[in-house]
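> Just model_2.txt, nothing more (compact mmCIF, C-alpha atoms):
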# COMPACT_ATOMS: atom_id res chain seq x y z
CA MET A 1 -9.43 -8.10 16.92
CA ASN A 2 -5.94 -7.45 18.22
CA PRO A 3 -3.49 -7.84 15.31
CA SER A 4 -0.56 -7.94 17.69
CA LYS A 5 -1.83 -11.05 19.45
CA LYS A 6 0.19 -14.10 18.37
CA GLU A 7 -1.77 -17.30 17.64
CA PHE A 8 -0.20 -20.70 18.16
CA ARG A 9 0.99 -22.12 14.83
CA VAL A 10 1.21 -25.82 14.15
CA PRO A 11 4.65 -26.83 12.84
CA VAL A 12 4.48 -27.73 9.17
CA SER A 13 6.00 -31.15 9.79
CA THR A 14 3.09 -32.17 12.04
CA LEU A 15 0.33 -31.15 9.65
CA ASP A 16 -1.95 -33.88 8.33
CA ARG A 17 -3.54 -32.82 5.04
CA ALA A 18 -6.48 -35.17 5.62
CA ASP A 19 -7.20 -33.35 8.89
CA LEU A 20 -7.95 -30.03 7.17
CA ARG A 21 -11.51 -31.06 6.35
CA THR A 22 -12.15 -31.85 10.02
CA ARG A 23 -10.76 -28.49 11.11
CA VAL A 24 -12.86 -26.61 8.55
CA SER A 25 -15.98 -28.45 9.71
CA ALA A 26 -15.21 -27.61 13.33
CA SER A 27 -14.86 -23.92 12.44
CA LEU A 28 -18.19 -23.98 10.61
CA ARG A 29 -19.93 -25.64 13.54
CA ALA A 30 -18.59 -22.98 15.88
CA GLN A 31 -19.78 -20.20 13.56
CA LEU A 32 -23.22 -21.79 13.19
CA HIS A 33 -23.51 -22.18 16.96
CA ARG A 34 -22.87 -18.46 17.42
CA GLN A 35 -25.35 -17.57 14.70
CA ARG A 36 -27.99 -19.90 16.16
CA GLY A 37 -27.75 -17.88 19.37
CA HIS A 38 -28.17 -14.66 17.41
CA LEU A 39 -31.26 -15.97 15.64
CA ALA A 40 -32.71 -17.16 18.94
CA LEU A 41 -32.60 -13.59 20.22
CA VAL A 42 -34.81 -12.56 17.31
CA GLY A 43 -37.38 -15.19 18.18
CA PRO A 44 -38.07 -18.93 18.46
CA GLU A 45 -39.60 -18.88 14.96
CA LEU A 46 -36.04 -18.78 13.58
CA GLY A 47 -35.26 -22.24 14.96
CA PRO A 48 -36.09 -23.99 11.64
CA VAL A 49 -33.79 -21.57 9.81
CA ALA A 50 -30.85 -22.43 12.07
CA ASP A 51 -31.62 -26.14 11.82
CA ALA A 52 -31.79 -26.03 8.02
CA LEU A 53 -28.45 -24.26 7.67
CA VAL A 54 -26.73 -26.55 10.18
CA ASP A 55 -27.99 -29.56 8.20
CA PHE A 56 -27.07 -28.03 4.84
CA LEU A 57 -23.51 -27.21 5.88
CA ASP A 58 -22.97 -30.62 7.48
CA GLY A 59 -21.01 -32.56 4.90
CA GLY A 60 -19.48 -31.87 1.52
CA LYS A 61 -15.91 -32.26 0.34
CA ARG A 62 -14.74 -28.85 1.62
CA LEU A 63 -12.87 -28.40 -1.66
CA ARG A 64 -13.05 -24.61 -1.70
CA PRO A 65 -11.55 -24.16 1.76
CA ALA A 66 -8.88 -26.72 0.83
CA PHE A 67 -7.89 -24.77 -2.29
CA GLY A 68 -7.92 -21.55 -0.25
CA TYR A 69 -5.73 -23.06 2.46
CA TRP A 70 -3.18 -24.51 0.05
CA GLY A 71 -3.12 -21.29 -1.95
CA PHE A 72 -2.11 -19.65 1.33
CA ARG A 73 0.53 -22.27 1.97
CA ALA A 74 1.79 -22.16 -1.63
CA ALA A 75 2.55 -18.49 -1.04
CA GLY A 76 4.57 -19.28 2.08
CA GLY A 77 1.85 -18.78 4.69
CA HIS A 78 2.05 -20.60 8.02
CA ASP A 79 -0.73 -22.78 9.37
CA SER A 80 -3.04 -21.36 12.04
CA GLU A 81 -6.61 -21.75 13.19
CA ALA A 82 -7.23 -18.18 11.99
CA VAL A 83 -6.46 -19.05 8.38
CA VAL A 84 -8.63 -22.19 8.63
CA ARG A 85 -11.52 -20.01 9.82
CA ALA A 86 -10.91 -17.57 6.98
CA VAL A 87 -11.01 -20.19 4.23
CA ALA A 88 -13.92 -22.00 5.90
CA ALA A 89 -15.97 -18.88 5.09
CA LEU A 90 -15.94 -20.08 1.47
CA GLU A 91 -18.40 -22.82 2.47
CA PHE A 92 -21.03 -20.18 3.22
CA VAL A 93 -20.59 -18.70 -0.26
CA GLN A 94 -20.95 -22.21 -1.69
CA ALA A 95 -24.08 -22.80 0.40
CA CYS A 96 -25.63 -19.57 -0.91
CA ALA A 97 -24.92 -20.59 -4.51
CA LEU A 98 -26.33 -24.10 -4.08
CA ILE A 99 -29.48 -23.05 -2.23
CA HIS A 100 -30.29 -20.45 -4.88
CA ASP A 101 -29.29 -22.78 -7.71
CA ASP A 102 -31.75 -25.41 -6.49
CA VAL A 103 -34.53 -22.81 -6.53
CA MET A 104 -33.68 -21.69 -10.05
CA ASP A 105 -33.39 -25.26 -11.34
CA GLY A 106 -36.45 -26.52 -9.48
CA SER A 107 -34.36 -29.30 -7.92
CA ASP A 108 -36.10 -31.48 -5.36
CA THR A 109 -33.00 -32.81 -3.64
CA ARG A 110 -29.48 -31.86 -2.68
CA ARG A 111 -26.96 -34.38 -1.31
CA GLY A 112 -29.71 -36.95 -0.96
CA LYS A 113 -31.92 -34.70 1.17
CA PRO A 114 -34.78 -32.34 0.29
CA ALA A 115 -33.54 -29.07 -1.20
CA VAL A 116 -33.96 -26.11 1.15
CA HIS A 117 -36.98 -24.72 -0.69
CA LYS A 118 -38.63 -28.15 -0.55
CA ARG A 119 -37.83 -28.44 3.15
CA PHE A 120 -39.63 -25.20 3.93
CA ALA A 121 -42.53 -26.03 1.66
CA ALA A 122 -42.95 -29.21 3.69
CA LEU A 123 -42.78 -27.18 6.92
CA HIS A 124 -45.54 -24.91 5.59
CA ARG A 125 -47.79 -27.89 4.90
CA ALA A 126 -46.98 -29.64 8.18
CA GLU A 127 -47.80 -26.55 10.25
CA GLY A 128 -50.92 -25.74 8.27
CA TYR A 129 -49.78 -22.23 7.34
CA GLU A 130 -51.90 -20.08 5.07
CA GLY A 131 -51.06 -19.42 1.43
CA ASP A 132 -49.03 -21.38 -1.09
CA ALA A 133 -46.50 -23.83 0.38
CA GLU A 134 -44.19 -23.73 -2.67
CA LYS A 135 -44.01 -19.93 -2.68
CA PHE A 136 -43.23 -19.99 1.03
CA GLY A 137 -40.44 -22.51 0.42
CA THR A 138 -38.97 -20.43 -2.39
CA ALA A 139 -39.04 -17.26 -0.31
CA ALA A 140 -37.41 -19.00 2.64
CA ALA A 141 -34.66 -20.47 0.45
CA ILE A 142 -33.84 -17.08 -1.08
CA LEU A 143 -33.53 -15.59 2.40
CA LEU A 144 -31.41 -18.48 3.70
CA GLY A 145 -29.08 -18.21 0.72
CA ASP A 146 -28.66 -14.49 1.36
CA THR A 147 -28.04 -15.22 5.04
CA CYS A 148 -25.21 -17.58 4.11
CA LEU A 149 -23.59 -14.86 2.02
CA ILE A 150 -23.74 -12.48 5.00
CA TRP A 151 -22.35 -15.07 7.41
CA GLY A 152 -19.50 -15.82 5.03
CA ASP A 153 -18.49 -12.15 5.13
CA GLU A 154 -18.65 -12.15 8.90
CA MET A 155 -16.62 -15.33 9.25
CA LEU A 156 -13.85 -13.99 7.03
CA ASP A 157 -13.73 -10.60 8.72
CA ARG A 158 -13.68 -12.13 12.22
CA SER A 159 -11.32 -14.97 11.42
CA GLY A 160 -8.58 -13.52 13.60
CA LEU A 161 -6.15 -12.78 10.79
CA PRO A 162 -4.33 -9.42 10.82
CA ASP A 163 -6.15 -6.47 9.30
CA ASP A 164 -3.56 -6.00 6.55
CA ALA A 165 -4.05 -9.59 5.38
CA LEU A 166 -7.83 -9.17 5.29
CA LYS A 167 -7.46 -5.91 3.40
CA ARG A 168 -5.41 -7.70 0.72
CA ALA A 169 -7.97 -10.49 0.46
CA ARG A 170 -11.12 -8.36 0.28
CA PRO A 171 -10.89 -7.45 -3.44
CA VAL A 172 -10.54 -11.14 -4.33
CA TRP A 173 -13.51 -12.04 -2.12
CA ASP A 174 -15.68 -9.33 -3.66
CA GLU A 175 -14.72 -10.18 -7.24
CA MET A 176 -15.42 -13.86 -6.62
CA ARG A 177 -18.96 -13.18 -5.40
CA THR A 178 -19.71 -10.95 -8.38
CA GLU A 179 -18.46 -13.63 -10.77
CA ILE A 180 -20.70 -16.25 -9.16
CA MET A 181 -23.81 -14.13 -9.73
CA ALA A 182 -22.75 -13.28 -13.28
CA GLY A 183 -22.14 -16.95 -14.02
CA GLN A 184 -25.51 -17.93 -12.58
CA TYR A 185 -27.18 -15.40 -14.87
CA LEU A 186 -25.28 -16.73 -17.89
CA ASP A 187 -26.55 -20.21 -17.03
CA VAL A 188 -30.17 -19.04 -16.72
CA LEU A 189 -29.85 -17.06 -19.95
CA ALA A 190 -28.36 -19.98 -21.89
CA GLN A 191 -31.32 -22.15 -20.90
CA ALA A 192 -33.82 -19.43 -21.83
CA GLN A 193 -32.17 -18.88 -25.22
CA GLY A 194 -31.67 -22.59 -25.94
CA ASP A 195 -28.01 -21.86 -26.68
CA HIS A 196 -26.06 -25.04 -27.49
CA SER A 197 -22.75 -23.39 -28.44
CA VAL A 198 -19.50 -24.75 -27.03
CA ASP A 199 -18.20 -21.23 -26.32
CA ARG A 200 -21.26 -20.33 -24.25
CA ALA A 201 -21.17 -23.63 -22.38
CA MET A 202 -17.52 -23.11 -21.41
CA ARG A 203 -18.13 -19.50 -20.37
CA VAL A 204 -20.85 -20.71 -18.02
CA VAL A 205 -18.49 -23.39 -16.70
CA ARG A 206 -15.79 -20.81 -16.03
CA TYR A 207 -17.86 -18.13 -14.32
CA LYS A 208 -20.55 -20.19 -12.63
CA SER A 209 -18.21 -22.75 -11.11
CA ALA A 210 -14.54 -22.94 -12.09
CA LYS A 211 -13.47 -19.58 -10.76
CA TYR A 212 -15.18 -19.71 -7.38
CA THR A 213 -14.45 -23.39 -6.85
CA VAL A 214 -10.71 -23.29 -7.46
CA GLU A 215 -9.09 -20.14 -8.86
CA ARG A 216 -10.56 -17.53 -6.51
CA PRO A 217 -10.09 -19.62 -3.35
CA LEU A 218 -6.44 -20.03 -4.38
CA HIS A 219 -6.17 -16.28 -4.93
CA LEU A 220 -7.86 -15.60 -1.60
CA GLY A 221 -5.37 -17.74 0.27
CA ALA A 222 -2.45 -16.28 -1.67
CA ALA A 223 -3.62 -12.72 -0.93
CA LEU A 224 -3.91 -13.52 2.77
CA ALA A 225 -0.28 -14.66 2.67
CA GLY A 226 0.87 -11.58 0.73
CA ALA A 227 1.67 -13.32 -2.57
CA GLY A 228 3.09 -11.38 -5.49
CA ALA A 229 1.69 -11.15 -9.00
CA ASP A 230 3.86 -13.95 -10.46
CA LEU A 231 2.74 -16.55 -7.93
CA THR A 232 -0.89 -15.46 -8.22
CA GLU A 233 -0.67 -15.84 -12.00
CA ALA A 234 0.80 -19.33 -11.62
CA LEU A 235 -2.07 -20.27 -9.32
CA SER A 236 -4.47 -19.17 -12.07
CA ARG A 237 -2.69 -21.31 -14.64
CA TYR A 238 -3.18 -24.27 -12.32
CA GLY A 239 -6.56 -23.33 -10.89
CA LEU A 240 -8.65 -22.49 -13.95
CA PRO A 241 -8.05 -25.82 -15.71
CA VAL A 242 -8.78 -27.72 -12.50
CA GLY A 243 -11.94 -25.70 -11.91
CA GLU A 244 -13.18 -26.26 -15.45
CA ALA A 245 -12.40 -29.97 -15.28
CA PHE A 246 -14.23 -30.15 -11.94
CA GLN A 247 -17.41 -28.66 -13.41
CA LEU A 248 -17.23 -30.82 -16.52
CA ARG A 249 -16.91 -33.87 -14.29
CA ASP A 250 -19.95 -32.66 -12.33
CA ASP A 251 -21.87 -32.30 -15.59
CA VAL A 252 -21.01 -35.85 -16.60
CA LEU A 253 -22.09 -37.16 -13.19
CA GLY A 254 -25.31 -35.14 -13.48
CA VAL A 255 -26.28 -37.28 -16.48
CA PHE A 256 -24.45 -40.57 -16.03
CA GLY A 257 -23.75 -40.65 -12.29
CA ASP A 258 -25.10 -43.03 -9.67
CA PRO A 259 -27.83 -41.28 -7.62
CA ALA A 260 -26.52 -43.06 -4.51
CA GLU A 261 -23.25 -41.14 -4.96
CA THR A 262 -24.47 -37.85 -6.45
CA GLY A 263 -27.41 -37.38 -4.07
CA LYS A 264 -29.67 -36.37 -6.98
CA PRO A 265 -32.03 -38.41 -9.17
CA ALA A 266 -30.48 -39.75 -12.37
CA GLY A 267 -30.89 -37.36 -15.27
CA ASP A 268 -31.92 -34.35 -13.19
CA ASP A 269 -29.65 -32.07 -15.24
CA LEU A 270 -31.52 -33.19 -18.37
CA ARG A 271 -34.89 -32.48 -16.76
CA GLU A 272 -33.63 -29.03 -15.78
CA GLY A 273 -32.49 -28.35 -19.34
CA LYS A 274 -28.91 -27.45 -18.46
CA ARG A 275 -26.89 -26.35 -21.51
CA THR A 276 -23.69 -28.17 -20.62
CA LEU A 277 -20.64 -28.90 -22.74
CA LEU A 278 -21.99 -32.43 -23.17
CA LEU A 279 -25.08 -31.03 -24.89
CA ALA A 280 -23.04 -28.53 -26.91
CA TYR A 281 -20.81 -31.29 -28.24
CA ALA A 282 -23.85 -33.44 -29.02
CA ALA A 283 -25.54 -30.60 -30.89
CA GLU A 284 -22.48 -30.17 -33.13
CA ARG A 285 -22.68 -33.73 -34.47
CA ALA A 286 -26.31 -34.73 -33.96
CA THR A 287 -28.37 -36.02 -36.87
CA THR A 288 -31.74 -34.45 -37.60
CA ALA A 289 -33.46 -37.23 -35.65
CA GLN A 290 -31.11 -36.81 -32.70
CA THR A 291 -31.60 -33.03 -32.71
CA GLU A 292 -35.36 -33.52 -32.63
CA LEU A 293 -34.98 -35.93 -29.72
CA ILE A 294 -32.88 -33.42 -27.78
CA ASP A 295 -35.37 -30.62 -28.46
CA ARG A 296 -38.27 -32.82 -27.41
CA HIS A 297 -36.85 -34.15 -24.15
CA LEU A 298 -34.30 -31.65 -22.81
CA GLY A 299 -35.80 -29.46 -20.10
CA ASP A 300 -38.90 -31.62 -19.63
CA PRO A 301 -39.51 -31.75 -15.85
CA GLU A 302 -41.62 -34.89 -16.35
CA LEU A 303 -38.92 -36.68 -18.32
CA THR A 304 -39.21 -40.42 -17.77
CA ASP A 305 -36.37 -42.86 -17.22
CA ASP A 306 -36.80 -43.97 -20.84
CA GLY A 307 -36.40 -40.36 -21.96
CA VAL A 308 -33.24 -40.03 -19.87
CA GLU A 309 -31.85 -43.18 -21.48
CA ALA A 310 -32.67 -41.86 -24.94
CA LEU A 311 -30.77 -38.62 -24.28
CA ARG A 312 -27.86 -40.53 -22.80
CA GLY A 313 -27.77 -42.57 -25.97
CA VAL A 314 -27.44 -39.42 -28.06
CA LEU A 315 -24.60 -38.15 -25.86
CA VAL A 316 -22.74 -41.41 -26.35
CA GLU A 317 -23.51 -41.90 -30.04
CA THR A 318 -22.45 -38.38 -31.04
CA GLY A 319 -19.16 -38.77 -29.18
CA ALA A 320 -20.10 -35.99 -26.73
CA LEU A 321 -19.28 -38.09 -23.67
CA THR A 322 -15.91 -39.18 -25.06
CA ARG A 323 -14.99 -35.63 -26.09
CA THR A 324 -15.93 -34.29 -22.65
CA GLU A 325 -13.84 -36.96 -20.92
CA GLU A 326 -10.91 -36.10 -23.19
CA ARG A 327 -11.26 -32.42 -22.33
CA ILE A 328 -11.31 -33.21 -18.61
CA GLY A 329 -8.12 -35.22 -19.03
CA ALA A 330 -6.40 -32.48 -21.02
CA LEU A 331 -7.32 -29.82 -18.46
CA ALA A 332 -6.05 -31.95 -15.57
CA THR A 333 -2.78 -32.60 -17.41
CA ARG A 334 -2.30 -28.88 -18.05
CA ALA A 335 -2.81 -28.10 -14.37
CA LEU A 336 -0.36 -30.77 -13.18
CA GLU A 337 2.27 -29.43 -15.55
CA VAL A 338 2.04 -26.07 -13.80
CA LEU A 339 2.71 -27.78 -10.46
CA ARG A 340 5.91 -29.25 -11.89
CA THR A 341 7.27 -25.86 -12.92
CA ALA A 342 5.84 -23.21 -10.58
CA ALA A 343 7.70 -21.95 -7.53
CA PHE A 344 5.20 -23.23 -4.98
CA ASP A 345 6.03 -24.53 -1.52
CA ALA A 346 6.79 -28.25 -2.02
CA GLU A 347 4.18 -29.55 0.42
CA ALA A 348 1.58 -27.23 -1.07
CA ALA A 349 2.38 -28.47 -4.58
CA ASP A 350 1.86 -32.07 -3.43
CA ALA A 351 -1.45 -31.14 -1.80
CA LEU A 352 -2.62 -29.26 -4.89
CA GLY A 353 -1.84 -32.31 -7.00
CA GLU A 354 -4.01 -34.44 -4.71
CA LEU A 355 -6.79 -31.86 -4.84
CA ALA A 356 -6.73 -31.81 -8.65
CA ALA A 357 -7.17 -35.60 -8.65
CA ALA A 358 -10.04 -35.41 -6.14
CA ALA A 359 -11.80 -32.63 -8.04
CA THR A 360 -11.75 -34.46 -11.36
CA ALA A 361 -12.40 -38.03 -10.15
CA ARG A 362 -14.99 -40.18 -11.92
CA THR A 363 -17.09 -40.53 -8.77
CA ALA A 364 -19.15 -37.92 -6.90
For this file, write the structure as structure tokens.

Amino acid sequence: MNPSKKEFRVPVSTLDRADLRTRVSASLRAQLHRQRGHLALVGPELGPVADALVDFLDGGKRLRPAFGYWGFRAAGGHDSEAVVRAVAALEFVQACALIHDDVMDGSDTRRGKPAVHKRFAALHRAEGYEGDAEKFGTAAAILLGDTCLIWGDEMLDRSGLPDDALKRARPVWDEMRTEIMAGQYLDVLAQAQGDHSVDRAMRVVRYKSAKYTVERPLHLGAALAGAGADLTEALSRYGLPVGEAFQLRDDVLGVFGDPAETGKPAGDDLREGKRTLLLAYAAERATTAQTELIDRHLGDPELTDDGVEALRGVLVETGALTRTEERIGALATRALEVLRTAAFDAEAADALGELAAAATARTA
């Protein structure tokens, strides 16, 4: 990379916020095309790997790159294709987390399609390979998730941004990836321990999702732009509440959402035994009979639709759903108040307000 080379910058007045998603997707397609060529040099057997990752990264809301981009702009950064490529790298980190999460949760689908481990198990059976198809699928998914993490690093480092900007951003990038893995472990541990506490549920929310969905992408963009400590702290005061509200909304949709919108069967989170804030709130106020029902059905992979309805009933009757909705609303309000008082670029503040609404919406 030649740091002295100037890249054409789009004037701020001509930017269309809705176009950012298209630009991020184009950057990802270009990166995947290059990586497909690399895999082809290894051998034709890697074709299914490239195909799976192209399919997996096709779609999604691109929220993390959007938060990264507007964190950059909030700190006074100017638009360029280089910064779009840099924040697009966050999608590879997200892909790694989702692919591995589906393995750990035993999820069959993701975004309405077979989860990666199920896709490769099906390939094993279709090709008549030897051994266990499910083990093959799990192994392939672990490797593909790791590959995404590597490709995210490469995309950031080769984005075309100056070396000093990348050097500022690297500590944020590294800390974010560590927090994701720590949060994933907290989630696995909470399920193993049967922990229904509100404090544990919110700690999982913060470290498994909230930080790497909103706060760290904002910090990444701000670091790329050379933001100071005060602005970075203001981004945290906005970003953490939005990130927590986003995950709480996802938890609600995981139980009460429409499968046509969520891309996952209704009640999958209940079958997986996820210790969400919904369940923590329910446990606080559940009667003996309701507690027994939760213990009997939560985490049952064969849970029927009637069992899902019974658990939903407990979440409604104990007030857990209402309390979770109230917490989402309070978190969103807190974040919007920061936007009214922080010294962010005006256009960036408007965009961050729109992103907060999108992240906490009642639909998938």
> Quick one, how far is atom CA of Glu325 of chain A from atom CA of Asp187 of chain A?
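Spanning atom CA of Glu325 of chain A to atom CA of Asp187 of chain A is a straight-line distance of 21.4 Å.
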> Find the residue from A:Met202, A:Ala141, A:Ala86, A:Leu279 that sits nearest to Val103 of chain A; use all atoms listed in the file when measuring.
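Smallest separation from Val103 of chain A among the options: A:Ala141.
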> Could you build a table of the residues in segment 269-353 of chain A lying no more than 12 Å from segment 211-221 of chain A, giving for each the nearest pair of atoms and their separation in Å rounded to one decimal place, using all atoms listed in the file, ordered by chain and ascending residue number, as JSON lines?

{"residue": "A:Ala335", "atom": "CA", "partner": "A:Glu215", "partner_atom": "CA", "distance": 11.5}
{"residue": "A:Ala348", "atom": "CA", "partner": "A:Leu218", "partner_atom": "CA", "distance": 11.3}
{"residue": "A:Leu352", "atom": "CA", "partner": "A:Leu218", "partner_atom": "CA", "distance": 10.0}
> Okay, now the selection with C-alpha atoms, as an mmCIF file, in the coordinates of the input?

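The resulting file, selection_33.cif, is reproduced below:
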data_model
loop_
_atom_site.group_PDB
_atom_site.id
_atom_site.type_symbol
_atom_site.label_atom_id
_atom_site.label_comp_id
_atom_site.auth_asym_id
_atom_site.auth_seq_id
_atom_site.Cartn_x
_atom_site.Cartn_y
_atom_site.Cartn_z
ATOM 1 C CA ALA A 335 -2.810 -28.100 -14.370
ATOM 2 C CA ALA A 348 1.580 -27.230 -1.070
ATOM 3 C CA LEU A 352 -2.620 -29.260 -4.890
#
> Using atom CA of Val84 of chain A and atom CA of Val24 of chain A as the two end points, give the distance in Å to one decimal.
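Spanning atom CA of Val84 of chain A to atom CA of Val24 of chain A is a straight-line distance of 6.1 Å.
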> Go through A:Tyr129, A:Phe136, A:Trp151, A:Tyr238 one by one, measure the shortest atom-to-atom distance of each to Arg340 of chain A using all atoms listed in the file, and give the residue with the smallest value.
A:Tyr238
> With only C-alpha atoms as the counted atoms, please give the residues lying no more than 9 Å from segment 72-82 of chain A, apart from itself and same-chain residues fewer than 6 positions off, as JSON, numbers by chain.
{"A": [7, 8, 9, 10, 11, 12, 15, 23, 27, 158, 159, 160, 161, 218, 219, 220, 221, 222, 223, 224, 225, 226, 227, 228, 231, 232, 235, 343, 344, 345, 346, 347, 348, 349, 352]}
> Point out the residue among A:Arg334, A:Arg206, A:Arg64, A:His196 with the least atom-to-atom distance to Tyr281 of chain A, counting only C-alpha atoms.
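Looking only at the distances to Tyr281 of chain A, the closest residue turns out to be A:His196.
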> Nearest to Arg275 of chain A among A:Leu63, A:Leu321, A:Ala356, A:Leu186, with distances taken over all atoms listed in the file: which residue is it?
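Among A:Leu63, A:Leu321, A:Ala356, A:Leu186, it is A:Leu186 that comes nearest to Arg275 of chain A.
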